[in-house]
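These notes concern the structure reproduced below.
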Amino acid sequence: MAKTAILIVNARKPGHPDTYYPWLDLCLRQIERHDRSSDYQIYIANGEIEAEDISVVATYPKVKVFAYRTEKTGAAQHSAGLDFLIEQLDEDIEYFITLDSDAFPIRDRWIETLINFIETAATVVGVYRDEFVRELEPFVHISCLCMRKQDYYRLGIRFTDCHKPEQDFSHFATGEWLKRHASLVGLRRSNVKNRHFLLGGVYGNLIYHHGAGSRNPIFRTSLDLAHNEEIWSDLREDIFSNLDEVITEFLG
């Protein structure tokens, strides 16, 4: 199988509650746990990376860390960081997978599974965000997205160009890819049990995405902020204390 890059933009906000939770460590641990045999390289753009993150990253193999600074914040910083990492890819990289730091695999051979979709049916495959379907057309979400490097350039849509105020940049990218006749495969939410309509999602029985790992849990379709905060905090504690038990709960 051709070599795959895993792209992670790590830009935690100083002072944010989740700054004290080692999402990046958990993400890297799950990658190593579930795919030790694949030919992959991890590329990390370290925005406001903390010293403890740097020491954690050094304990994992197959990781390249790049200093990345920008005046942009939030989603604009994330989209620009992904483009920055794509520009750093080695020539032998054929595919790339984007991962949010609070998203990670829960099954062995997850890389092979994603690549198989690309080789047999799709231009892009990834987490299928349809939780906002009443207000927003479903789209392939950047929390876990896989495509060929050459297709990214061929389609001519940079992630940075897709950032629009009040709009998820991967939603805009999905629309632009479809206009260019790209074929998309979405990993649908596969939870049997949900604690929240968005937080704590398992997709395609393959990827877990916590949601709002480095920001406050504010969502366009949920105005009960206290309820969101409570679930967000309790679920985070459970994930870090007993991940496998939580995944088993969600998958029934």
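For the structure tokens, the naming scheme is as follows: chains receive sequential letters (A, B, ...) according to their order of presentation, residues are indexed from 1 within each chain, and ligands are indexed from 1 in presentation order.
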Notebook entry, point to check: Among segment 136-210 of chain A, which residues carry a DSSP assignment of strand (DSSP E), reported as JSON, numbers by chain?
Noted result: {"A": [139, 140, 141, 142, 143, 144, 145, 146, 147, 148, 184, 185, 186, 187, 201, 202, 203, 207, 208, 209]}
Put those residues in a file: N, CA, C and O atoms, as a PDB file, in the first residue's frame.
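The result, written out as selection.pdb:
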ATOM      1  N   PHE A 139     -22.297  17.016   5.017  1.00  0.00           N
ATOM      2  CA  PHE A 139     -21.011  17.203   4.361  1.00  0.00           C
ATOM      3  C   PHE A 139     -19.962  16.290   4.984  1.00  0.00           C
ATOM      4  O   PHE A 139     -20.161  15.739   6.061  1.00  0.00           O
ATOM      5  N   VAL A 140     -18.854  16.119   4.292  1.00  0.00           N
ATOM      6  CA  VAL A 140     -17.724  15.342   4.795  1.00  0.00           C
ATOM      7  C   VAL A 140     -16.873  16.263   5.660  1.00  0.00           C
ATOM      8  O   VAL A 140     -16.428  17.320   5.199  1.00  0.00           O
ATOM      9  N   HIS A 141     -16.665  15.854   6.901  1.00  0.00           N
ATOM     10  CA  HIS A 141     -16.063  16.737   7.895  1.00  0.00           C
ATOM     11  C   HIS A 141     -14.568  16.503   8.046  1.00  0.00           C
ATOM     12  O   HIS A 141     -14.079  15.375   7.951  1.00  0.00           O
ATOM     13  N   ILE A 142     -13.865  17.590   8.315  1.00  0.00           N
ATOM     14  CA  ILE A 142     -12.404  17.572   8.369  1.00  0.00           C
ATOM     15  C   ILE A 142     -11.856  16.823   9.579  1.00  0.00           C
ATOM     16  O   ILE A 142     -10.654  16.520   9.629  1.00  0.00           O
ATOM     17  N   SER A 143     -12.702  16.483  10.555  1.00  0.00           N
ATOM     18  CA  SER A 143     -12.214  15.762  11.741  1.00  0.00           C
ATOM     19  C   SER A 143     -11.560  14.440  11.366  1.00  0.00           C
ATOM     20  O   SER A 143     -10.655  13.968  12.042  1.00  0.00           O
ATOM     21  N   CYS A 144     -12.009  13.831  10.274  1.00  0.00           N
ATOM     22  CA  CYS A 144     -11.304  12.693   9.667  1.00  0.00           C
ATOM     23  C   CYS A 144     -11.706  12.648   8.202  1.00  0.00           C
ATOM     24  O   CYS A 144     -12.858  12.341   7.874  1.00  0.00           O
ATOM     25  N   LEU A 145     -10.773  12.974   7.351  1.00  0.00           N
ATOM     26  CA  LEU A 145     -11.029  13.050   5.909  1.00  0.00           C
ATOM     27  C   LEU A 145      -9.829  12.494   5.174  1.00  0.00           C
ATOM     28  O   LEU A 145      -8.686  12.799   5.510  1.00  0.00           O
ATOM     29  N   CYS A 146     -10.069  11.669   4.161  1.00  0.00           N
ATOM     30  CA  CYS A 146      -8.986  11.026   3.422  1.00  0.00           C
ATOM     31  C   CYS A 146      -9.146  11.279   1.931  1.00  0.00           C
ATOM     32  O   CYS A 146     -10.256  11.186   1.390  1.00  0.00           O
ATOM     33  N   MET A 147      -8.032  11.597   1.273  1.00  0.00           N
ATOM     34  CA  MET A 147      -8.041  11.738  -0.183  1.00  0.00           C
ATOM     35  C   MET A 147      -6.614  11.602  -0.717  1.00  0.00           C
ATOM     36  O   MET A 147      -5.653  11.620   0.055  1.00  0.00           O
ATOM     37  N   ARG A 148      -6.493  11.444  -2.025  1.00  0.00           N
ATOM     38  CA  ARG A 148      -5.182  11.434  -2.649  1.00  0.00           C
ATOM     39  C   ARG A 148      -4.616  12.855  -2.680  1.00  0.00           C
ATOM     40  O   ARG A 148      -5.326  13.820  -2.932  1.00  0.00           O
ATOM     41  N   LEU A 184     -17.908  11.382  -3.295  1.00  0.00           N
ATOM     42  CA  LEU A 184     -17.682  11.429  -1.849  1.00  0.00           C
ATOM     43  C   LEU A 184     -18.351  10.248  -1.165  1.00  0.00           C
ATOM     44  O   LEU A 184     -19.467   9.856  -1.522  1.00  0.00           O
ATOM     45  N   VAL A 185     -17.658   9.676  -0.188  1.00  0.00           N
ATOM     46  CA  VAL A 185     -18.213   8.625   0.661  1.00  0.00           C
ATOM     47  C   VAL A 185     -18.180   9.117   2.102  1.00  0.00           C
ATOM     48  O   VAL A 185     -17.124   9.536   2.596  1.00  0.00           O
ATOM     49  N   GLY A 186     -19.314   9.101   2.767  1.00  0.00           N
ATOM     50  CA  GLY A 186     -19.387   9.562   4.145  1.00  0.00           C
ATOM     51  C   GLY A 186     -19.452   8.413   5.131  1.00  0.00           C
ATOM     52  O   GLY A 186     -20.176   7.439   4.915  1.00  0.00           O
ATOM     53  N   LEU A 187     -18.678   8.527   6.202  1.00  0.00           N
ATOM     54  CA  LEU A 187     -18.763   7.580   7.312  1.00  0.00           C
ATOM     55  C   LEU A 187     -19.873   8.073   8.234  1.00  0.00           C
ATOM     56  O   LEU A 187     -19.712   9.065   8.947  1.00  0.00           O
ATOM     57  N   GLY A 201     -19.313  11.283  18.963  1.00  0.00           N
ATOM     58  CA  GLY A 201     -19.769  10.539  17.799  1.00  0.00           C
ATOM     59  C   GLY A 201     -18.792   9.463  17.359  1.00  0.00           C
ATOM     60  O   GLY A 201     -17.576   9.673  17.353  1.00  0.00           O
ATOM     61  N   VAL A 202     -19.322   8.290  17.007  1.00  0.00           N
ATOM     62  CA  VAL A 202     -18.534   7.231  16.360  1.00  0.00           C
ATOM     63  C   VAL A 202     -19.018   7.165  14.920  1.00  0.00           C
ATOM     64  O   VAL A 202     -20.223   7.128  14.655  1.00  0.00           O
ATOM     65  N   TYR A 203     -18.095   7.144  13.978  1.00  0.00           N
ATOM     66  CA  TYR A 203     -18.449   7.225  12.562  1.00  0.00           C
ATOM     67  C   TYR A 203     -17.915   6.018  11.797  1.00  0.00           C
ATOM     68  O   TYR A 203     -16.716   5.721  11.842  1.00  0.00           O
ATOM     69  N   ILE A 207     -14.078   5.615  13.499  1.00  0.00           N
ATOM     70  CA  ILE A 207     -13.465   6.840  14.021  1.00  0.00           C
ATOM     71  C   ILE A 207     -14.329   7.408  15.147  1.00  0.00           C
ATOM     72  O   ILE A 207     -15.556   7.493  15.011  1.00  0.00           O
ATOM     73  N   TYR A 208     -13.684   7.804  16.243  1.00  0.00           N
ATOM     74  CA  TYR A 208     -14.362   8.553  17.300  1.00  0.00           C
ATOM     75  C   TYR A 208     -14.010  10.019  17.162  1.00  0.00           C
ATOM     76  O   TYR A 208     -12.846  10.376  16.980  1.00  0.00           O
ATOM     77  N   HIS A 209     -15.018  10.888  17.246  1.00  0.00           N
ATOM     78  CA  HIS A 209     -14.769  12.324  17.284  1.00  0.00           C
ATOM     79  C   HIS A 209     -15.492  12.899  18.486  1.00  0.00           C
ATOM     80  O   HIS A 209     -16.724  12.845  18.563  1.00  0.00           O
TER      81      HIS A 209
END
Note to self: as a ChimeraX atom specification, please: every residue in segment 16-211 of chain A that a backbone DSSP assignment puts in alpha helix (DSSP H).
What the structure shows: /A:23-34,51-57,74-88,110-120,149-155,169-179
Next item on the list: With a distance cut-off of 9 Å and only C-alpha atoms, select the neighbouring residues of Leu235 of chain A, excluding the residue or stretch itself and same-chain residues fewer than 5 positions from it, and output the selection as an MDAnalysis selection string.
Entry: chainID A and resid 195 199:200 210 230 240 246
Note to self: For segment 92-106 of chain A, find every residue with an atom within 9 Å (counting only C-alpha atoms), except residues of its own chain fewer than 3 positions away, and show them as number ranges by chain.
What the structure shows: A: 2-10, 23-31, 33-35, 40-41, 82, 86, 89, 110-111, 114-115, 126, 142-150, 202, 205-214, 244, 247
Next item on the list: Find the distance between atom CA of Glu119 of chain A and atom CA of Thr160 of chain A and write it in Å to one decimal.
Entry: 26.3 Å
Check: Between A:His171, A:Arg188, A:His181, A:Arg129, which has the minimum distance to Arg154 of chain A (counting only C-alpha atoms)?
Finding: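 Closest residue, counting only C-alpha atoms: A:His181.
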Notebook entry, point to check: What is the atom CA of Pro138 of chain A to atom CA of Phe197 of chain A distance in Å?
Noted result: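 Taking atom CA of Pro138 of chain A and atom CA of Phe197 of chain A, their separation equals 14.4 Å.
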